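Beneath this line is the structure, given in C-alpha cells, with notes to follow.
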Amino acid sequence: MLKIKKISFLLLTLVLLSSCGEYQKVLNKGTVEEQYKLAVKMYETKKYAKALRLFEKITPSYRGKPQMERIAFMVAQSNFNEKSYALSGYYFDRFTKNYTKSSKKEEAAYLSAYSYKLASPSFSLDPTDTNKALEAFQNFINTYPNSDKIEEANNHYKDLRYKLQKKYFEIAKTYYKTADYDLRNYKAAIQAFDNLLADYLGSEFKEEALFYRLKAAHDFVLKSTVRRKPERADDAIEAYDKLKRNFPESQFMEEADEMLATLQKEKKDAEDLIAKQLELQNSLKK
C-alpha cells in the first residue's frame, strides 16, 4: 500500500513538472497562437495568475482582432478572481467602453462597480475607490433599470453611500473634538457638518449631525470675544431651531434646550456690554 502511494506521488510530481515545463516553454518560446490557447486553458482551469501572464504577452498581437473582446473580458475576470479588485474594476470599465455592443457589457458594468466596492477600504481611509464604486453603481442603475442585478446594485449603492456619510461625519466630529486645542477647528467642524447635511439630505446621521453642529456653534460662542458673540450666538440659535424643527422628539433635546438658554444669556450679556461700551465711548467724545 505504501509503495502504491509513493508511485502515485511520483507520477503526480512528474505530471506537475511536465505541466510547468510546458507552460514555461509556451510562455517564453511559443507562438502567439499557442500562447493564446494556453492562456484560455489556464483561465478555464482557474489558474488565473498564469493566464494573466500569457494574456499580457499576447495582447499587443490581438489588439483590433475579434479575439480581443474575449481576451479583454478574461483579463478583467482573472484580476477579479485574483482579488486585484482595483485592477478588475478598471478593466471591466474599459471593456464596457471599448465593446459597447458586447453581450457581456451589462455583466462587465456590474462587475466594474462591484470590483471598486470590494477595493473600497474602511470608511476612515482614502475614499477614491468608494467614490468610483458609487459612480459606477449609479451609472449601472441608470443604464440597466430592468437588470436582474438591480436590487443588488441598489443595496451596494446604499452601503457605499452610508460609508461615505460615516467618513464625513467622523471627520466633522474630529474637528469638534480637537477644537479646544485649535479654535479654528470650531469653524471647520461647523462647515463640515453643514457640508454633510447639504450633500446627504436624507442622511442616517442627520439628527446627530444637527446636534453636534449645534454643540460646535455653542462652544464656539463661549470661546469667542464679546464683539463676536452676538453674531455667533445667532448662528448657534439657528442650529438649535433646525434640530428642533427636524427632530422635535430628539434624544438630544434636553441638552439642546440647556444650550439654547446659555446662548440666549451669552448673547444678551454680550449685547448689554457692547451697548455700555458704546455709551461710554460716546460720552468720552463729548
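So you can find residues: chains in the C-alpha cells are A, B, ... in the order shown, residues in each start at 1, and ligands are numbered from 1 in order.
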* Asked: Could you name the residues that touch Glu266 in chain A at 9 Å or less, counting only C-alpha atoms, but leaving out those on the same chain fewer than 3 positions away, as a list of chain:residue names?
  ->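 The neighbour list is A:Val221, A:Leu222, A:Val226, A:Lys229, A:Pro230, A:Ala233, A:Ala261, A:Thr262, A:Leu263, A:Asp269, A:Ala270, A:Glu271.
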* Just asking: which residues within range 114-230 of chain A are alpha helix (DSSP H) according to DSSP, as number ranges by chain? -> A: 114-119, 128-143, 150-177, 184-199, 206-222, 229-230
Excluding Tyr175 in chain A and residues on its chain fewer than 6 positions from it, collect all residues at most 10 Å away from it, counting only C-alpha atoms, and give them as a JSON list (two decimals) with N, CA, C and O atoms, in the first residue's frame.
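File written: out.json
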[["chain", "number", "residue", "atom", "x", "y", "z"],
["A", 182, "ASP", "N", -7.27, 73.95, 19.09],
["A", 182, "ASP", "CA", -7.14, 74.87, 17.96],
["A", 182, "ASP", "C", -8.52, 75.43, 17.68],
["A", 182, "ASP", "O", -9.38, 74.76, 17.11],
["A", 183, "LEU", "N", -8.75, 76.68, 18.08],
["A", 183, "LEU", "CA", -10.09, 77.27, 17.97],
["A", 183, "LEU", "C", -10.60, 77.33, 16.53],
["A", 183, "LEU", "O", -11.80, 77.37, 16.29],
["A", 184, "ARG", "N", -9.66, 77.31, 15.56],
["A", 184, "ARG", "CA", -10.09, 77.31, 14.15],
["A", 184, "ARG", "C", -10.90, 76.06, 13.80],
["A", 184, "ARG", "O", -11.68, 76.07, 12.85],
["A", 185, "ASN", "N", -10.73, 75.02, 14.60],
["A", 185, "ASN", "CA", -11.44, 73.77, 14.32],
["A", 185, "ASN", "C", -12.94, 73.86, 14.62],
["A", 185, "ASN", "O", -13.71, 73.03, 14.14],
["A", 186, "TYR", "N", -13.35, 74.87, 15.41],
["A", 186, "TYR", "CA", -14.78, 75.08, 15.59],
["A", 186, "TYR", "C", -15.42, 75.45, 14.25],
["A", 186, "TYR", "O", -16.45, 74.91, 13.86],
["A", 187, "LYS", "N", -14.77, 76.39, 13.55],
["A", 187, "LYS", "CA", -15.28, 76.78, 12.23],
["A", 187, "LYS", "C", -15.25, 75.60, 11.27],
["A", 187, "LYS", "O", -16.17, 75.39, 10.49],
["A", 188, "ALA", "N", -14.15, 74.84, 11.33],
["A", 188, "ALA", "CA", -14.00, 73.68, 10.44],
["A", 188, "ALA", "C", -15.09, 72.64, 10.71],
["A", 188, "ALA", "O", -15.66, 72.06, 9.79],
["A", 189, "ALA", "N", -15.40, 72.43, 11.99],
["A", 189, "ALA", "CA", -16.43, 71.46, 12.36],
["A", 189, "ALA", "C", -17.80, 71.92, 11.87],
["A", 189, "ALA", "O", -18.57, 71.14, 11.30],
["A", 190, "ILE", "N", -18.11, 73.19, 12.09],
["A", 190, "ILE", "CA", -19.40, 73.74, 11.66],
["A", 190, "ILE", "C", -19.56, 73.59, 10.15],
["A", 190, "ILE", "O", -20.60, 73.15, 9.66],
["A", 191, "GLN", "N", -18.50, 73.93, 9.41],
["A", 191, "GLN", "CA", -18.55, 73.83, 7.96],
["A", 191, "GLN", "C", -18.69, 72.37, 7.51],
["A", 191, "GLN", "O", -19.43, 72.05, 6.59],
["A", 192, "ALA", "N", -17.97, 71.47, 8.19],
["A", 192, "ALA", "CA", -18.02, 70.05, 7.82],
["A", 192, "ALA", "C", -19.41, 69.46, 8.07],
["A", 192, "ALA", "O", -19.92, 68.69, 7.25],
["A", 193, "PHE", "N", -20.04, 69.83, 9.18],
["A", 193, "PHE", "CA", -21.40, 69.35, 9.45],
["A", 193, "PHE", "C", -22.39, 69.95, 8.44],
["A", 193, "PHE", "O", -23.30, 69.25, 7.96],
["A", 216, "ALA", "N", -20.98, 72.48, 18.40],
["A", 216, "ALA", "CA", -19.80, 73.19, 17.91],
["A", 216, "ALA", "C", -20.04, 74.69, 17.91],
["A", 216, "ALA", "O", -19.19, 75.48, 18.34]]
Check which residues of range 84-121 of chain A sit at most 12 Å from range 137-160 of chain A using only C-alpha atoms, and return one row each with the closest pair of atoms and their distance in Å to one decimal, ordered by chain and rising number, as a tab-separated table.
residue	atom	partner	partner_atom	distance
A:Gly89	CA	A:Phe137	CA	11.6
A:Asp93	CA	A:Phe140	CA	11.0
A:Thr96	CA	A:Phe140	CA	11.0
A:Lys105	CA	A:Phe140	CA	10.6
A:Glu106	CA	A:Tyr144	CA	7.5
A:Glu107	CA	A:Lys149	CA	9.1
A:Ala108	CA	A:Phe140	CA	10.0
A:Ala109	CA	A:Phe140	CA	6.4
A:Tyr110	CA	A:Phe140	CA	6.5
A:Leu111	CA	A:Phe137	CA	9.6
A:Ser112	CA	A:Phe137	CA	8.6
A:Ala113	CA	A:Phe137	CA	5.4
A:Tyr114	CA	A:Phe137	CA	7.8
A:Ser115	CA	A:Phe137	CA	10.5
A:Tyr116	CA	A:Phe137	CA	9.5
A:Lys117	CA	A:Leu160	CA	7.4
A:Leu118	CA	A:His156	CA	10.3
A:Ala119	CA	A:Leu160	CA	11.6
A:Ser120	CA	A:Leu160	CA	8.7
A:Pro121	CA	A:Leu160	CA	10.5
Saved selection, atoms kept: all heavy atoms, as a compact mmCIF listing (two decimals), in the first residue's frame:
# COMPACT_ATOMS: atom_id res chain seq x y z
N GLY A 89 -11.77 46.39 -11.59
CA GLY A 89 -12.71 47.49 -11.78
C GLY A 89 -12.35 48.32 -13.00
O GLY A 89 -13.21 48.67 -13.82
N ASP A 93 -14.46 48.26 -16.56
CA ASP A 93 -14.95 49.57 -17.04
C ASP A 93 -14.46 49.83 -18.45
O ASP A 93 -15.22 50.29 -19.32
CB ASP A 93 -14.48 50.67 -16.08
CG ASP A 93 -14.93 52.05 -16.54
OD1 ASP A 93 -16.14 52.23 -16.75
OD2 ASP A 93 -14.09 52.94 -16.70
N THR A 96 -16.46 47.90 -21.02
CA THR A 96 -17.77 48.46 -21.39
C THR A 96 -17.63 49.61 -22.38
O THR A 96 -18.53 49.84 -23.20
CB THR A 96 -18.52 48.98 -20.14
OG1 THR A 96 -17.80 50.08 -19.56
CG2 THR A 96 -18.70 47.88 -19.12
N LYS A 105 -21.55 43.32 -21.93
CA LYS A 105 -21.39 44.70 -21.46
C LYS A 105 -22.09 44.93 -20.11
O LYS A 105 -21.52 45.54 -19.21
CB LYS A 105 -21.93 45.68 -22.50
CG LYS A 105 -21.70 47.14 -22.10
CD LYS A 105 -22.32 48.10 -23.10
CE LYS A 105 -22.16 49.54 -22.60
NZ LYS A 105 -22.85 50.50 -23.47
N GLU A 106 -23.33 44.46 -19.96
CA GLU A 106 -24.06 44.65 -18.70
C GLU A 106 -23.34 43.96 -17.55
O GLU A 106 -23.17 44.55 -16.47
CB GLU A 106 -25.48 44.10 -18.83
CG GLU A 106 -26.29 44.26 -17.54
CD GLU A 106 -27.70 43.69 -17.66
OE1 GLU A 106 -28.23 43.65 -18.78
OE2 GLU A 106 -28.25 43.27 -16.62
N GLU A 107 -22.89 42.74 -17.78
CA GLU A 107 -22.17 42.00 -16.74
C GLU A 107 -20.89 42.72 -16.35
O GLU A 107 -20.56 42.84 -15.16
CB GLU A 107 -21.84 40.59 -17.23
CG GLU A 107 -21.13 39.71 -16.20
CD GLU A 107 -20.77 38.34 -16.73
OE1 GLU A 107 -21.10 38.03 -17.90
OE2 GLU A 107 -20.14 37.57 -15.98
N ALA A 108 -20.19 43.23 -17.37
CA ALA A 108 -18.93 43.95 -17.10
C ALA A 108 -19.19 45.23 -16.32
O ALA A 108 -18.43 45.59 -15.42
CB ALA A 108 -18.22 44.26 -18.42
N ALA A 109 -20.28 45.93 -16.65
CA ALA A 109 -20.61 47.17 -15.94
C ALA A 109 -20.88 46.90 -14.47
O ALA A 109 -20.43 47.64 -13.59
CB ALA A 109 -21.83 47.82 -16.60
N TYR A 110 -21.62 45.83 -14.20
CA TYR A 110 -21.90 45.47 -12.81
C TYR A 110 -20.62 45.07 -12.08
O TYR A 110 -20.37 45.53 -10.95
CB TYR A 110 -22.91 44.32 -12.75
CG TYR A 110 -23.18 43.88 -11.32
CD1 TYR A 110 -24.10 44.56 -10.54
CD2 TYR A 110 -22.49 42.80 -10.76
CE1 TYR A 110 -24.32 44.18 -9.21
CE2 TYR A 110 -22.71 42.41 -9.46
CZ TYR A 110 -23.63 43.11 -8.69
OH TYR A 110 -23.84 42.75 -7.38
N LEU A 111 -19.81 44.23 -12.72
CA LEU A 111 -18.59 43.75 -12.08
C LEU A 111 -17.57 44.87 -11.88
O LEU A 111 -16.78 44.82 -10.93
CB LEU A 111 -17.98 42.61 -12.89
CG LEU A 111 -18.74 41.28 -12.80
CD1 LEU A 111 -18.19 40.27 -13.80
CD2 LEU A 111 -18.68 40.72 -11.38
N SER A 112 -17.58 45.86 -12.75
CA SER A 112 -16.70 47.02 -12.54
C SER A 112 -17.07 47.73 -11.25
O SER A 112 -16.22 48.02 -10.40
CB SER A 112 -16.81 47.99 -13.72
OG SER A 112 -16.05 49.15 -13.48
N ALA A 113 -18.36 48.01 -11.09
CA ALA A 113 -18.84 48.69 -9.88
C ALA A 113 -18.57 47.84 -8.64
O ALA A 113 -18.09 48.34 -7.61
CB ALA A 113 -20.33 48.99 -10.00
N TYR A 114 -18.86 46.54 -8.74
CA TYR A 114 -18.66 45.65 -7.60
C TYR A 114 -17.18 45.53 -7.25
O TYR A 114 -16.81 45.46 -6.07
CB TYR A 114 -19.26 44.28 -7.92
CG TYR A 114 -19.29 43.34 -6.74
CD1 TYR A 114 -19.76 43.75 -5.50
CD2 TYR A 114 -18.84 42.03 -6.86
CE1 TYR A 114 -19.79 42.89 -4.42
CE2 TYR A 114 -18.87 41.16 -5.78
CZ TYR A 114 -19.35 41.60 -4.56
OH TYR A 114 -19.37 40.75 -3.49
N SER A 115 -16.32 45.52 -8.25
CA SER A 115 -14.88 45.46 -8.01
C SER A 115 -14.42 46.67 -7.21
O SER A 115 -13.66 46.55 -6.24
CB SER A 115 -14.11 45.42 -9.34
OG SER A 115 -14.34 44.22 -10.04
N TYR A 116 -14.87 47.85 -7.64
CA TYR A 116 -14.48 49.07 -6.92
C TYR A 116 -15.01 49.05 -5.49
O TYR A 116 -14.35 49.56 -4.57
CB TYR A 116 -14.97 50.31 -7.65
CG TYR A 116 -14.14 50.66 -8.87
CD1 TYR A 116 -14.73 50.91 -10.10
CD2 TYR A 116 -12.74 50.75 -8.78
CE1 TYR A 116 -13.96 51.22 -11.22
CE2 TYR A 116 -11.97 51.07 -9.89
CZ TYR A 116 -12.59 51.30 -11.11
OH TYR A 116 -11.82 51.61 -12.21
N LYS A 117 -16.19 48.46 -5.30
CA LYS A 117 -16.71 48.36 -3.93
C LYS A 117 -15.81 47.46 -3.08
O LYS A 117 -15.49 47.78 -1.94
CB LYS A 117 -18.13 47.82 -3.91
CG LYS A 117 -18.69 47.81 -2.48
CD LYS A 117 -20.01 47.10 -2.33
CE LYS A 117 -20.42 47.14 -0.85
NZ LYS A 117 -21.63 46.34 -0.59
N LEU A 118 -15.40 46.32 -3.65
CA LEU A 118 -14.53 45.40 -2.92
C LEU A 118 -13.16 46.02 -2.67
O LEU A 118 -12.49 45.69 -1.69
CB LEU A 118 -14.40 44.09 -3.70
CG LEU A 118 -15.68 43.25 -3.80
CD1 LEU A 118 -15.44 42.04 -4.70
CD2 LEU A 118 -16.15 42.80 -2.43
N ALA A 119 -12.74 46.91 -3.56
CA ALA A 119 -11.45 47.60 -3.38
C ALA A 119 -11.55 48.73 -2.38
O ALA A 119 -10.55 49.19 -1.83
CB ALA A 119 -10.96 48.15 -4.72
N SER A 120 -12.78 49.17 -2.13
CA SER A 120 -13.01 50.30 -1.23
C SER A 120 -12.60 49.95 0.20
O SER A 120 -13.05 48.95 0.75
CB SER A 120 -14.49 50.68 -1.27
OG SER A 120 -14.79 51.66 -0.31
N PRO A 121 -11.75 50.77 0.80
CA PRO A 121 -11.28 50.48 2.16
C PRO A 121 -12.31 50.87 3.22
O PRO A 121 -13.41 51.29 2.89
CB PRO A 121 -10.02 51.35 2.28
CG PRO A 121 -10.35 52.54 1.42
CD PRO A 121 -11.18 52.01 0.27
* **Best match for closeness to Glu254 in chain A among A:Leu280, A:Phe211, A:Ala136, A:Asn195, counting only C-alpha atoms** =>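 Closest to Glu254 in chain A, using only C-alpha atoms: A:Phe211.
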